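Visitor: Sharing data39.cif here; it has mmCIF, C-alpha atoms.
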```cif
data_my_file
#
loop_
_atom_site.label_atom_id
_atom_site.label_comp_id
_atom_site.auth_asym_id
_atom_site.auth_seq_id
_atom_site.Cartn_x
_atom_site.Cartn_y
_atom_site.Cartn_z
CA GLU A 110 14.10 -13.13 -30.72
CA GLU A 111 13.64 -16.04 -28.31
CA PRO A 112 10.45 -18.13 -28.51
CA GLU A 113 8.20 -17.43 -25.55
CA GLU A 114 8.75 -19.83 -22.66
CA GLY A 115 6.06 -22.49 -22.88
CA GLY A 116 4.77 -21.13 -26.21
CA GLU A 117 4.07 -23.18 -29.32
CA LEU A 118 7.36 -22.36 -31.05
CA ALA A 119 9.31 -23.08 -27.87
CA GLY A 120 7.64 -26.48 -27.74
CA MET A 121 8.69 -27.16 -31.34
CA VAL A 122 12.27 -26.22 -30.50
CA ARG A 123 12.27 -28.70 -27.59
CA ILE A 124 10.96 -31.49 -29.86
CA VAL A 125 13.78 -30.91 -32.36
CA GLU A 126 16.43 -30.69 -29.64
CA ALA A 127 15.25 -34.01 -28.18
CA ALA A 128 15.27 -35.79 -31.56
CA TRP A 129 18.83 -34.62 -32.31
CA GLN A 130 20.22 -35.29 -28.85
CA ASP A 131 23.57 -37.14 -29.02
CA LEU A 132 23.44 -37.35 -32.84
CA SER A 133 25.18 -34.18 -34.04
CA GLN A 134 28.62 -35.36 -32.88
CA LYS A 135 28.49 -38.01 -35.61
CA ALA A 136 28.98 -35.23 -38.15
CA ARG A 137 31.83 -33.59 -36.22
CA GLY A 138 35.39 -34.51 -35.31
CA ALA A 139 38.55 -34.70 -37.39
CA GLY A 140 37.50 -37.73 -39.44
CA ALA A 141 34.10 -36.34 -40.30
CA ARG A 142 35.63 -32.97 -41.15
CA SER A 143 38.17 -34.51 -43.54
CA ALA A 144 35.48 -36.57 -45.26
CA ALA A 145 33.25 -33.51 -45.61
CA GLN A 146 36.06 -31.46 -47.12
CA ALA A 147 36.76 -34.19 -49.67
CA GLU A 148 33.09 -34.51 -50.68
CA VAL A 149 32.61 -30.77 -51.03
CA GLU A 150 35.88 -30.24 -52.92
CA ARG A 151 34.88 -32.89 -55.45
CA ALA A 152 31.55 -31.13 -56.01
CA VAL A 153 32.50 -27.43 -56.06
CA GLY A 154 36.30 -27.33 -56.31
CA SER A 155 36.90 -25.89 -52.84
CA GLN A 156 37.02 -27.22 -49.28
CA ARG A 157 35.95 -23.89 -47.81
CA PRO A 158 32.17 -24.46 -48.04
CA ALA A 159 32.57 -27.64 -45.96
CA THR A 160 33.14 -25.48 -42.87
CA TYR A 161 30.24 -26.25 -40.58
CA GLY A 162 28.17 -24.10 -38.26
CA GLU A 163 24.52 -24.02 -37.27
CA LEU A 164 21.78 -21.49 -36.81
CA ARG A 165 20.53 -21.59 -33.23
CA LEU A 166 17.03 -23.05 -33.13
CA ALA A 167 15.74 -19.97 -31.32
CA THR A 168 17.09 -17.90 -34.22
CA ALA A 169 15.41 -20.22 -36.72
CA ALA A 170 12.09 -19.89 -34.88
CA GLY A 171 12.37 -16.10 -34.93
CA MET A 172 13.33 -16.23 -38.62
CA LEU A 173 10.17 -18.16 -39.52
CA ARG A 174 8.06 -15.69 -37.57
CA LEU A 175 9.81 -12.72 -39.19
CA ALA A 176 9.26 -14.21 -42.65
CA GLY A 177 5.54 -14.51 -41.97
CA ALA A 178 5.72 -18.25 -42.61
CA GLU A 179 2.32 -19.91 -42.88
CA PRO A 180 1.36 -23.60 -42.77
CA GLY A 181 1.41 -25.14 -46.23
CA GLN A 182 4.13 -22.90 -47.64
CA VAL A 183 7.19 -24.46 -49.30
CA PHE A 184 10.53 -24.11 -47.50
CA TYR A 185 14.04 -25.08 -48.62
CA ASP A 186 17.23 -25.08 -46.57
CA LEU A 187 20.15 -25.13 -49.02
CA GLY A 188 23.09 -26.72 -47.25
CA SER A 189 20.91 -28.02 -44.42
CA GLY A 190 23.63 -29.77 -42.42
CA THR A 191 22.15 -32.11 -39.82
CA GLY A 192 18.66 -30.84 -40.65
CA LYS A 193 17.39 -29.18 -37.48
CA VAL A 194 16.08 -26.01 -39.14
CA VAL A 195 14.21 -28.08 -41.72
CA ALA A 196 12.50 -30.13 -39.00
CA LEU A 197 11.51 -26.96 -37.16
CA ALA A 198 10.02 -25.53 -40.36
CA TRP A 199 8.06 -28.77 -40.83
CA LEU A 200 6.67 -28.61 -37.30
CA PHE A 201 5.65 -25.04 -38.07
CA GLY A 202 3.53 -26.51 -40.87
CA LEU A 203 5.72 -25.91 -43.90
CA ARG A 204 6.45 -28.35 -46.72
CA ALA A 205 10.13 -28.49 -45.82
CA THR A 206 13.10 -29.81 -47.80
CA GLY A 207 16.71 -29.88 -46.67
CA VAL A 208 19.43 -30.27 -49.29
CA GLU A 209 22.83 -31.42 -48.02
CA LEU A 210 25.86 -32.73 -49.89
CA VAL A 211 27.91 -34.13 -46.99
CA SER A 212 26.98 -37.75 -46.31
CA ALA A 213 27.54 -37.73 -42.55
CA ARG A 214 25.40 -34.63 -42.01
CA TRP A 215 22.63 -35.97 -44.23
CA GLY A 216 22.80 -39.28 -42.37
CA VAL A 217 22.29 -37.56 -39.02
CA ALA A 218 19.27 -35.73 -40.40
CA CYS A 219 17.73 -38.99 -41.64
CA GLU A 220 18.40 -40.74 -38.32
CA ALA A 221 16.80 -37.89 -36.37
CA LEU A 222 13.81 -37.95 -38.73
CA GLY A 223 13.43 -41.62 -37.88
CA ARG A 224 13.32 -40.70 -34.20
CA LEU A 225 10.67 -38.06 -34.83
CA ARG A 226 8.47 -40.58 -36.64
CA ARG A 227 9.11 -43.42 -34.19
CA ASP A 228 8.48 -41.39 -31.03
CA GLY A 229 5.26 -39.92 -32.36
CA ALA A 230 5.73 -36.68 -30.42
CA ALA A 231 5.97 -34.51 -33.54
CA SER A 232 2.72 -33.18 -34.96
CA PRO A 233 3.12 -30.37 -37.52
CA ARG A 234 0.63 -27.57 -37.89
CA PRO A 235 -1.87 -28.50 -40.61
CA GLY A 236 -2.15 -26.46 -43.79
CA GLU A 237 -5.37 -25.06 -45.18
CA GLN A 238 -7.96 -27.81 -45.60
CA GLY A 239 -8.83 -28.57 -49.19
CA SER A 240 -5.52 -27.15 -50.41
CA GLU A 241 -2.91 -29.21 -52.25
CA ARG A 242 -0.57 -28.00 -49.52
CA ALA A 243 -2.80 -29.20 -46.66
CA SER A 244 -0.34 -31.86 -45.44
CA PRO A 245 3.08 -30.60 -44.29
CA ALA A 246 5.93 -32.72 -45.64
CA LEU A 247 9.53 -33.20 -44.51
CA ARG A 248 12.33 -34.61 -46.63
CA TYR A 249 16.11 -34.61 -46.69
CA VAL A 250 17.84 -34.78 -50.06
CA ARG A 251 21.50 -35.70 -50.42
CA ALA A 252 22.69 -33.59 -53.34
CA SER A 253 24.44 -30.40 -54.31
CA PHE A 254 21.87 -27.64 -54.04
CA LEU A 255 23.24 -26.33 -57.34
CA ASP A 256 21.62 -29.40 -58.92
CA VAL A 257 18.23 -29.00 -57.19
CA ASP A 258 15.27 -27.06 -58.58
CA PHE A 259 13.78 -24.98 -55.77
CA ALA A 260 11.64 -22.72 -57.97
CA ASP A 261 8.48 -23.75 -56.10
CA ALA A 262 9.74 -22.29 -52.81
CA ASP A 263 7.98 -19.62 -50.80
CA ILE A 264 10.93 -19.32 -48.39
CA VAL A 265 14.55 -20.29 -49.04
CA PHE A 266 17.16 -20.30 -46.28
CA MET A 267 20.90 -20.63 -46.80
CA ASP A 268 23.81 -20.25 -44.42
CA ASN A 269 26.10 -18.99 -47.15
CA VAL A 270 28.90 -17.45 -45.08
CA MET A 271 31.52 -19.80 -46.56
CA PHE A 272 30.08 -20.21 -50.08
CA THR A 273 32.39 -19.44 -53.00
CA GLU A 274 31.72 -16.76 -55.60
CA GLU A 275 30.87 -19.44 -58.16
CA MET A 276 28.33 -21.02 -55.80
CA MET A 277 26.68 -17.66 -55.17
CA GLN A 278 26.43 -17.03 -58.90
CA GLY A 279 24.81 -20.42 -59.44
CA LEU A 280 22.37 -19.83 -56.58
CA ALA A 281 21.47 -16.40 -57.96
CA ARG A 282 20.65 -17.89 -61.37
CA ALA A 283 18.40 -20.47 -59.74
CA ALA A 284 16.80 -17.96 -57.35
CA ARG A 285 15.70 -15.74 -60.25
CA ARG A 286 13.26 -18.51 -61.16
CA LEU A 287 11.42 -18.09 -57.86
CA ARG A 288 7.94 -16.59 -58.04
CA PRO A 289 7.61 -12.86 -57.29
CA GLY A 290 7.37 -12.32 -53.56
CA ALA A 291 9.28 -15.43 -52.55
CA LEU A 292 11.78 -14.79 -49.75
CA VAL A 293 15.47 -15.71 -49.64
CA ILE A 294 16.99 -15.54 -46.16
CA SER A 295 20.77 -15.64 -46.09
CA ALA A 296 23.84 -14.30 -44.39
CA HIS A 297 24.12 -10.64 -45.33
CA ARG A 298 27.53 -11.36 -46.88
CA PRO A 299 28.18 -12.56 -49.49
CA ALA A 300 24.99 -11.27 -51.11
CA LEU A 301 23.32 -12.87 -54.12
CA PRO A 302 24.92 -11.17 -57.14
CA GLY A 303 23.17 -9.49 -60.04
CA PRO A 304 19.67 -8.08 -60.62
CA GLY A 305 16.34 -9.43 -59.43
CA PHE A 306 16.79 -9.21 -55.65
CA ARG A 307 15.56 -6.58 -53.21
CA LEU A 308 16.69 -6.27 -49.59
CA ARG A 309 13.66 -6.20 -47.29
CA GLU A 310 15.40 -6.13 -43.93
CA ARG A 311 18.31 -7.40 -41.85
CA PHE A 312 18.22 -9.00 -38.44
CA PHE A 313 20.63 -10.36 -35.84
CA GLY A 314 20.45 -14.09 -35.17
CA PRO A 315 22.85 -16.05 -32.96
CA THR A 316 24.66 -19.04 -34.46
CA THR A 317 27.14 -21.61 -33.21
CA TRP A 318 30.00 -19.31 -34.27
CA SER A 319 28.70 -15.87 -33.23
CA ASN A 320 26.02 -14.27 -31.10
CA LYS A 321 25.90 -11.33 -33.52
CA SER A 322 25.47 -12.99 -36.92
CA VAL A 323 23.64 -10.75 -39.39
CA TRP A 324 21.03 -12.15 -41.78
CA ALA A 325 19.28 -10.58 -44.75
CA VAL A 326 15.76 -11.10 -46.09
#
```
Using structure tokens, write down the structure that the file contains.

Guide:
Amino acid sequence: EEPEEGGELAGMVRIVEAAWQDLSQKARGAGARSAAQAEVERAVGSQRPATYGELRLATAAGMLRLAGAEPGQVFYDLGSGTGKVVALAWLFGLRATGVELVSARWGVACEALGRLRRDGAASPRPGEQGSERASPALRYVRASFLDVDFADADIVFMDNVMFTEEMMQGLARAARRLRPGALVISAHRPALPGPGFRLRERFFGPTTWSNKSVWAV
């Protein structure tokens, strides 16, 4: 679902696109790809998860709306790449964290965050006044998401199309520590293995590799 032309979410998408303009290519190309494969293989024993693709920002906006995201909620993007979805979630008012292992991708996210702060055009939706979650926060963490505790999340997103079976098992163990009612949004395959998860719905959301990517909530 596309954000309405001129609407609030469409304005957020434009802010993110402007901050990332001309930066994403720093994380692409043969040299960047080889470095990413080496970093990921050292961490998880396979180069496959280093394969890179992005959720279209219009898809991310529709995903947040579909999830019923509210200002002040806690959002994690596990394998956040260059960080666009995380920034959009922050503008939406969420306390947003992106976790990325690949140095070049994390570096792009940090550089774009610097642009957002320097330009002063980004103003996230405020959370509920008087709440400990009143002030939206945005951070990018360079780490393996298998080493990060995301049990405080209300919404977790992961583009897990290329994740290995071992990674999915590790994520499932961590996700079982989420509070009841927390949402995990992921590619519909591979699914999180084992008990403790209930499929709420599926939706189509275009990505950089397909206009018909299927996602599960």

Visitor: Run the PyMOL selection byres ((chain A and resi 243-260) around 8) on the file and write out the hits as JSON, numbers by chain.

Guide: {"A": [152, 180, 181, 185, 187, 188, 192, 195, 196, 199, 202, 203, 204, 205, 206, 207, 208, 209, 210, 211, 212, 215, 218, 219, 233, 234, 235, 236, 237, 238, 239, 240, 241, 242, 261, 262, 276, 279, 280, 283, 284, 286, 287, 288]}

Visitor: Could you work out how far CA of Met172 (chain A) lies from CA of Trp129 (chain A), giving the answer in Å with one decimal?

Guide: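 The value is 20.2 Å.
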
Visitor: Using all atoms listed in the file, which residue out of A:Leu166, A:Ala300, A:Val293, A:Val194 lies closest to Arg123 (chain A)?

Guide: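 Looking at the shortest contact to Arg123 (chain A), the residue is A:Leu166.
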
Visitor: Write out as a list in words the residues lying within 10 Å of Ala128 (chain A), counting all atoms listed in the file and excluding same-chain residues fewer than 5 positions away.

Guide: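 Answer for this query is Arg123, Lys193, Ala196, Ala218, Glu220, Ala221, Leu222, Gly223, Arg224, Leu225, Arg226, Asp228, Ala230 and Ala231 of chain A.
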
Visitor: In Å, rounded to a single decimal, give me how far CA of Ser322 (chain A) is from CA of Gln156 (chain A).

Guide: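 Separation between CA of Gln156 (chain A) and CA of Ser322 (chain A): 22.1 Å.
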
Visitor: Between A:Ala176, A:Leu132, A:Leu292, A:Val149, single out the one closest to Thr191 (chain A), counting only C-alpha atoms.

Guide: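 So, comparing all the options, the nearest one is A:Leu132.
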
Visitor: Could you check the closest approach to Trp324 (chain A) for each of A:Ala144, A:Leu175, A:Met121, A:Met277 and tell me which residue wins, using all atoms listed in the file?

Guide: A:Leu175

Visitor: Taking only C-alpha atoms into account, name the residue in A:Leu164, A:Met271, A:Ala213, A:Ala170 that is nearest to Asn320 (chain A).

Guide: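 Residue with the minimum atom-to-atom distance to Asn320 (chain A): A:Leu164.
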
Visitor: With distances taken over all atoms listed in the file, which residue among A:Met267, A:Ala178, A:His297, A:Phe306 lies nearest Ala281 (chain A)?

Guide: A:Phe306

Visitor: Hey, which of A:Phe312, A:Arg214, A:Arg298, A:Glu275 ends up closest to Gln134 (chain A)? Count all atoms listed in the file.

Guide: A:Arg214

Visitor: Once the PyMOL selection byres ((chain A and resi 159) around 7) has been evaluated on this model, what residues remain selected, and can you format them as a PyMOL selection string?

Guide: chain A and resi 145-146+149+156-158+160-161

Visitor: Would you mind reading off the distance between CA of Thr168 (chain A) and CA of Gln130 (chain A), one decimal, in Å?

Guide: 18.5 Å

Visitor: Please enumerate the residues selected by the PyMOL selection byres ((chain A and resi 309) around 9) when evaluated against the supplied file, formatted as a list in words.

Guide: Arg307, Leu308, Glu310, Arg311, Ala325 and Val326 of chain A
